[in-house]
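Next up, input-v4.pdb (PDB, C-alpha atoms, pLDDT in the B column):
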ATOM      1  CA  MET A   1     100.581  74.081 118.961  1.00 59.00           C
ATOM      2  CA  VAL A   2     100.045  76.795 121.485  1.00 67.00           C
ATOM      3  CA  ASP A   3     101.748  74.510 124.021  1.00 79.00           C
ATOM      4  CA  LEU A   4     105.023  74.575 122.041  1.00 82.00           C
ATOM      5  CA  LEU A   5     104.926  78.316 121.493  1.00 88.00           C
ATOM      6  CA  VAL A   6     104.006  79.548 124.972  1.00 85.00           C
ATOM      7  CA  GLY A   7     105.828  82.798 125.688  1.00 89.00           C
ATOM      8  CA  ARG A   8     107.021  83.222 122.102  1.00 93.00           C
ATOM      9  CA  ARG A   9     106.308  86.099 119.792  1.00 95.00           C
ATOM     10  CA  LEU A  10     105.373  85.573 116.183  1.00 96.00           C
ATOM     11  CA  VAL A  11     105.630  88.146 113.393  1.00 95.00           C
ATOM     12  CA  THR A  12     103.207  89.333 110.737  1.00 94.00           C
ATOM     13  CA  ARG A  13     104.157  90.018 107.129  1.00 90.00           C
ATOM     14  CA  GLY A  14     104.147  93.704 108.079  1.00 89.00           C
ATOM     15  CA  GLY A  15     106.724  93.069 110.804  1.00 88.00           C
ATOM     16  CA  ALA A  16     104.451  93.477 113.832  1.00 92.00           C
ATOM     17  CA  ALA A  17     105.020  91.159 116.790  1.00 95.00           C
ATOM     18  CA  VAL A  18     102.107  89.145 118.177  1.00 95.00           C
ATOM     19  CA  GLU A  19     101.897  86.835 121.160  1.00 95.00           C
ATOM     20  CA  ALA A  20     101.653  83.211 120.057  1.00 94.00           C
ATOM     21  CA  GLU A  21      98.962  82.370 122.591  1.00 93.00           C
ATOM     22  CA  ALA A  22      96.731  85.197 121.379  1.00 91.00           C
ATOM     23  CA  ALA A  23      97.172  84.282 117.710  1.00 93.00           C
ATOM     24  CA  LEU A  24      96.763  80.508 118.055  1.00 93.00           C
ATOM     25  CA  GLN A  25      94.510  79.827 121.033  1.00 90.00           C
ATOM     26  CA  ASN A  26      91.564  77.543 120.239  1.00 89.00           C
ATOM     27  CA  LYS A  27      92.456  77.240 116.545  1.00 92.00           C
ATOM     28  CA  VAL A  28      93.464  74.560 114.097  1.00 93.00           C
ATOM     29  CA  VAL A  29      97.081  75.428 113.308  1.00 95.00           C
ATOM     30  CA  ALA A  30      98.828  74.843 109.998  1.00 96.00           C
ATOM     31  CA  LEU A  31     102.617  74.867 110.140  1.00 97.00           C
ATOM     32  CA  TYR A  32     103.795  75.999 106.721  1.00 98.00           C
ATOM     33  CA  PHE A  33     107.371  74.969 105.945  1.00 98.00           C
ATOM     34  CA  ALA A  34     108.419  76.783 102.758  1.00 98.00           C
ATOM     35  CA  ALA A  35     110.909  79.160 101.130  1.00 97.00           C
ATOM     36  CA  GLY A  36     110.657  81.922  98.571  1.00 96.00           C
ATOM     37  CA  ARG A  37     113.431  80.436  96.449  1.00 96.00           C
ATOM     38  CA  CYS A  38     111.481  77.158  96.068  1.00 96.00           C
ATOM     39  CA  ALA A  39     109.322  77.018  92.920  1.00 96.00           C
ATOM     40  CA  LEU A  40     106.837  74.615  94.510  1.00 97.00           C
ATOM     41  CA  SER A  41     106.481  76.946  97.513  1.00 97.00           C
ATOM     42  CA  ARG A  42     105.873  79.884  95.188  1.00 96.00           C
ATOM     43  CA  ASP A  43     103.250  77.868  93.305  1.00 97.00           C
ATOM     44  CA  PHE A  44     101.381  76.673  96.420  1.00 97.00           C
ATOM     45  CA  THR A  45     101.503  79.836  98.553  1.00 97.00           C
ATOM     46  CA  PRO A  46      98.859  81.775  96.539  1.00 97.00           C
ATOM     47  CA  LEU A  47      96.496  78.790  96.827  1.00 97.00           C
ATOM     48  CA  LEU A  48      97.102  78.645 100.591  1.00 97.00           C
ATOM     49  CA  SER A  49      96.512  82.394 100.775  1.00 96.00           C
ATOM     50  CA  ASP A  50      93.148  82.035  99.005  1.00 96.00           C
ATOM     51  CA  PHE A  51      92.217  79.113 101.306  1.00 96.00           C
ATOM     52  CA  TYR A  52      93.163  81.161 104.377  1.00 96.00           C
ATOM     53  CA  THR A  53      91.265  84.236 103.178  1.00 95.00           C
ATOM     54  CA  ALA A  54      88.116  82.225 102.499  1.00 94.00           C
ATOM     55  CA  LEU A  55      88.209  80.649 105.969  1.00 94.00           C
ATOM     56  CA  VAL A  56      89.416  83.515 108.136  1.00 92.00           C
ATOM     57  CA  HIS A  57      88.315  86.706 106.393  1.00 89.00           C
ATOM     58  CA  GLN A  58      85.266  85.765 104.323  1.00 89.00           C
ATOM     59  CA  ALA A  59      83.509  83.097 106.429  1.00 85.00           C
ATOM     60  CA  GLN A  60      80.980  84.254 109.009  1.00 84.00           C
ATOM     61  CA  PRO A  61      81.919  83.594 111.692  1.00 85.00           C
ATOM     62  CA  PRO A  62      85.622  83.360 110.863  1.00 87.00           C
ATOM     63  CA  ALA A  63      87.002  79.836 110.995  1.00 90.00           C
ATOM     64  CA  PRO A  64      89.237  78.871 113.943  1.00 92.00           C
ATOM     65  CA  PHE A  65      92.313  78.530 111.725  1.00 94.00           C
ATOM     66  CA  GLU A  66      95.795  80.016 111.672  1.00 96.00           C
ATOM     67  CA  VAL A  67      98.889  79.448 109.571  1.00 97.00           C
ATOM     68  CA  VAL A  68     102.349  79.711 111.116  1.00 97.00           C
ATOM     69  CA  PHE A  69     105.068  80.121 108.501  1.00 98.00           C
ATOM     70  CA  VAL A  70     108.288  78.282 109.365  1.00 97.00           C
ATOM     71  CA  SER A  71     110.809  79.676 106.919  1.00 97.00           C
ATOM     72  CA  ALA A  72     113.396  77.626 105.076  1.00 97.00           C
ATOM     73  CA  ASP A  73     114.756  80.780 103.447  1.00 96.00           C
ATOM     74  CA  GLY A  74     118.454  81.571 103.541  1.00 95.00           C
ATOM     75  CA  SER A  75     118.116  84.915 105.314  1.00 96.00           C
ATOM     76  CA  GLU A  76     115.668  87.037 107.231  1.00 94.00           C
ATOM     77  CA  ASN A  77     115.391  89.414 104.258  1.00 94.00           C
ATOM     78  CA  GLU A  78     114.481  86.533 101.921  1.00 96.00           C
ATOM     79  CA  MET A  79     111.852  85.387 104.414  1.00 96.00           C
ATOM     80  CA  LEU A  80     110.304  88.844 104.757  1.00 94.00           C
ATOM     81  CA  ASP A  81     110.338  89.428 100.989  1.00 95.00           C
ATOM     82  CA  PHE A  82     108.538  86.112 100.419  1.00 96.00           C
ATOM     83  CA  MET A  83     105.995  86.945 103.110  1.00 96.00           C
ATOM     84  CA  ARG A  84     105.260  90.414 101.705  1.00 94.00           C
ATOM     85  CA  GLU A  85     105.052  89.167  98.124  1.00 95.00           C
ATOM     86  CA  LEU A  86     102.853  86.062  98.344  1.00 94.00           C
ATOM     87  CA  HIS A  87     101.695  85.282 101.879  1.00 94.00           C
ATOM     88  CA  GLY A  88      98.282  85.733 103.400  1.00 90.00           C
ATOM     89  CA  THR A  89      97.853  87.696 106.610  1.00 92.00           C
ATOM     90  CA  TRP A  90      99.045  84.806 108.756  1.00 95.00           C
ATOM     91  CA  VAL A  91     101.931  84.813 111.220  1.00 96.00           C
ATOM     92  CA  ALA A  92     105.465  83.456 111.139  1.00 97.00           C
ATOM     93  CA  LEU A  93     108.081  82.199 113.533  1.00 97.00           C
ATOM     94  CA  PRO A  94     110.863  84.817 113.556  1.00 96.00           C
ATOM     95  CA  PHE A  95     113.791  83.874 111.330  1.00 95.00           C
ATOM     96  CA  HIS A  96     116.316  83.754 114.180  1.00 95.00           C
ATOM     97  CA  ASP A  97     114.126  81.714 116.553  1.00 95.00           C
ATOM     98  CA  PRO A  98     115.890  78.368 117.205  1.00 94.00           C
ATOM     99  CA  LEU A  99     112.474  76.685 117.318  1.00 95.00           C
ATOM    100  CA  ARG A 100     112.481  76.794 113.488  1.00 95.00           C
ATOM    101  CA  ARG A 101     115.084  74.000 113.386  1.00 94.00           C
ATOM    102  CA  GLU A 102     113.416  72.100 116.208  1.00 95.00           C
ATOM    103  CA  LEU A 103     110.071  72.111 114.380  1.00 96.00           C
ATOM    104  CA  ASN A 104     111.749  70.823 111.219  1.00 96.00           C
ATOM    105  CA  LYS A 105     113.115  67.885 113.206  1.00 96.00           C
ATOM    106  CA  MET A 106     109.969  67.345 115.263  1.00 95.00           C
ATOM    107  CA  TYR A 107     107.772  67.104 112.169  1.00 96.00           C
ATOM    108  CA  ASN A 108     110.379  65.313 110.038  1.00 96.00           C
ATOM    109  CA  ILE A 109     110.474  67.928 107.286  1.00 97.00           C
ATOM    110  CA  THR A 110     112.619  66.560 104.472  1.00 95.00           C
ATOM    111  CA  ALA A 111     111.172  68.557 101.564  1.00 95.00           C
ATOM    112  CA  ILE A 112     109.321  71.830 101.072  1.00 97.00           C
ATOM    113  CA  PRO A 113     106.682  73.063 100.791  1.00 97.00           C
ATOM    114  CA  LYS A 114     105.052  71.088 103.578  1.00 98.00           C
ATOM    115  CA  LEU A 115     101.842  71.981 105.403  1.00 98.00           C
ATOM    116  CA  VAL A 116     101.443  70.137 108.703  1.00 97.00           C
ATOM    117  CA  ILE A 117      98.074  70.538 110.420  1.00 96.00           C
ATOM    118  CA  VAL A 118      98.311  70.222 114.203  1.00 95.00           C
ATOM    119  CA  LYS A 119      96.198  70.277 117.346  1.00 92.00           C
ATOM    120  CA  GLN A 120      96.779  72.745 120.173  1.00 88.00           C
ATOM    121  CA  ASN A 121      99.181  70.298 121.845  1.00 90.00           C
ATOM    122  CA  GLY A 122     101.265  69.949 118.662  1.00 91.00           C
ATOM    123  CA  GLU A 123      99.932  66.488 117.782  1.00 93.00           C
ATOM    124  CA  VAL A 124      99.687  65.986 114.024  1.00 95.00           C
ATOM    125  CA  ILE A 125      96.237  65.921 112.434  1.00 95.00           C
ATOM    126  CA  THR A 126      97.780  65.459 108.982  1.00 96.00           C
ATOM    127  CA  ASP A 127     101.129  66.101 107.366  1.00 96.00           C
ATOM    128  CA  LYS A 128      99.443  66.184 103.961  1.00 97.00           C
ATOM    129  CA  GLY A 129      97.743  69.570 104.271  1.00 97.00           C
ATOM    130  CA  ARG A 130      99.117  70.816 100.958  1.00 97.00           C
ATOM    131  CA  LYS A 131      97.812  67.812  99.045  1.00 97.00           C
ATOM    132  CA  GLN A 132      94.432  67.985 100.794  1.00 96.00           C
ATOM    133  CA  ILE A 133      93.969  71.675  99.972  1.00 97.00           C
ATOM    134  CA  GLN A 134      94.956  71.065  96.352  1.00 96.00           C
ATOM    135  CA  GLU A 135      92.577  68.103  96.003  1.00 96.00           C
ATOM    136  CA  CYS A 136      89.647  68.984  98.285  1.00 94.00           C
ATOM    137  CA  GLY A 137      89.705  72.749  98.761  1.00 93.00           C
ATOM    138  CA  LEU A 138      87.827  74.180 101.723  1.00 93.00           C
ATOM    139  CA  SER A 139      86.124  70.900 102.612  1.00 92.00           C
ATOM    140  CA  CYS A 140      89.351  69.529 104.106  1.00 94.00           C
ATOM    141  CA  PHE A 141      89.148  72.111 106.900  1.00 94.00           C
ATOM    142  CA  HIS A 142      86.018  70.465 108.285  1.00 89.00           C
ATOM    143  CA  SER A 143      87.804  67.128 108.655  1.00 89.00           C
ATOM    144  CA  TRP A 144      90.678  68.868 110.442  1.00 94.00           C
ATOM    145  CA  VAL A 145      88.458  70.750 112.879  1.00 89.00           C
ATOM    146  CA  GLU A 146      86.532  67.568 113.756  1.00 88.00           C
ATOM    147  CA  VAL A 147      89.669  66.016 115.261  1.00 86.00           C
ATOM    148  CA  ALA A 148      91.341  69.185 116.524  1.00 83.00           C
ATOM    149  CA  ASP A 149      89.899  69.110 120.071  1.00 76.00           C
ATOM    150  CA  ILE A 150      89.006  72.791 120.045  1.00 70.00           C
ATOM    151  CA  PHE A 151      85.869  74.616 121.025  1.00 57.00           C
ATOM    152  CA  GLN A 152      83.809  74.906 117.848  1.00 50.00           C
ATOM    153  CA  ASN A 153      81.561  77.803 116.950  1.00 46.00           C
ATOM    154  CA  PHE A 154      82.132  77.576 113.211  1.00 44.00           C
ATOM    155  CA  SER A 155      79.567  76.309 110.774  1.00 44.00           C
ATOM    156  CA  GLY A 156      80.916  77.568 107.417  1.00 44.00           C
TER     157      GLY A 156
END

structure tokens encoding of this file:
Amino acid sequence: MVDLLVGRRLVTRGGAAVEAEAALQNKVVALYFAAGRCALSRDFTPLLSDFYTALVHQAQPPAPFEVVFVSADGSENEMLDFMRELHGTWVALPFHDPLRRELNKMYNITAIPKLVIVKQNGEVITDKGRKQIQECGLSCFHSWVEVADIFQNFSG
């Protein structure tokens, strides 16, 4: 995923800009296609936030995992409101970045919410991340990291 985002800046829910390479390097990346106006997105986002917190903030060492929110909201304000209200501390593609539409096409997003787990080169590990988290919880991360082709120093 880093390959597709080289030179781009991502944003945090607090509005801070971060370099994509720094945020995503050597991590399993989950592209989260969702919108605040979507009931299913609003239902799943707290579960994803708990999953993310357990892996990134509570595990020792932290898991090599990052979520990139790709908004399907109608405006930048809707996107930021959704992020502040329900999101974890992950990053997002800026609302006005044209890559948002390209990623929707590239990963054939026809319905939201959709959680696509990808390798560093953008190759899909699974496009059923949402279902796997709902059914398997934290154990699904281990199957993702096994095929992610990243340096592993995570045993949680």

### 7 Å contact set for stretch 25-30 of chain A, only C-alpha atoms, chain neighbours under 2 positions out, as a ChimeraX atom specification
/A:1-2,21-23,32,64-68,115-119,145,148,150-151

Using the selection just defined, write its residues with C-alpha atoms as a PDB file, in the coordinates of the input.
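Result file is selection.pdb:
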ATOM      1  CA  MET A   1     100.581  74.081 118.961  1.00 59.00           C
ATOM      2  CA  VAL A   2     100.045  76.795 121.485  1.00 67.00           C
ATOM      3  CA  GLU A  21      98.962  82.370 122.591  1.00 93.00           C
ATOM      4  CA  ALA A  22      96.731  85.197 121.379  1.00 91.00           C
ATOM      5  CA  ALA A  23      97.172  84.282 117.710  1.00 93.00           C
ATOM      6  CA  TYR A  32     103.795  75.999 106.721  1.00 98.00           C
ATOM      7  CA  PRO A  64      89.237  78.871 113.943  1.00 92.00           C
ATOM      8  CA  PHE A  65      92.313  78.530 111.725  1.00 94.00           C
ATOM      9  CA  GLU A  66      95.795  80.016 111.672  1.00 96.00           C
ATOM     10  CA  VAL A  67      98.889  79.448 109.571  1.00 97.00           C
ATOM     11  CA  VAL A  68     102.349  79.711 111.116  1.00 97.00           C
ATOM     12  CA  LEU A 115     101.842  71.981 105.403  1.00 98.00           C
ATOM     13  CA  VAL A 116     101.443  70.137 108.703  1.00 97.00           C
ATOM     14  CA  ILE A 117      98.074  70.538 110.420  1.00 96.00           C
ATOM     15  CA  VAL A 118      98.311  70.222 114.203  1.00 95.00           C
ATOM     16  CA  LYS A 119      96.198  70.277 117.346  1.00 92.00           C
ATOM     17  CA  VAL A 145      88.458  70.750 112.879  1.00 89.00           C
ATOM     18  CA  ALA A 148      91.341  69.185 116.524  1.00 83.00           C
ATOM     19  CA  ILE A 150      89.006  72.791 120.045  1.00 70.00           C
ATOM     20  CA  PHE A 151      85.869  74.616 121.025  1.00 57.00           C
TER      21      PHE A 151
END

### Query
Got a sec: who's within 9 Å of A:Gln134, counting only C-alpha atoms, leaving out chain neighbours fewer than 6 positions off, as a list in words?
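Listing them by chain and then by number gives Phe44, Leu47 and Leu48 of chain A.
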
### Query
What does the distance from atom CA of A:His57 to atom CA of A:Phe33 come to in Å, to one decimal?
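Computed distance, atom CA of A:His57 to atom CA of A:Phe33, equals 22.4 Å.
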
### Task
Take atom CA of A:Gly88 and atom CA of A:Gly14 and report the distance between them in Å, one decimal.
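Distance between the two atoms: 10.9 Å.
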
### Task
For the structure provided, state which residues fall under the PyMOL selection byres ((chain A and resi 69) around 10), and present them as a PyMOL selection string.
chain A and resi 10-12+30-35+66-68+70-72+79+83+87+90-95+100+115
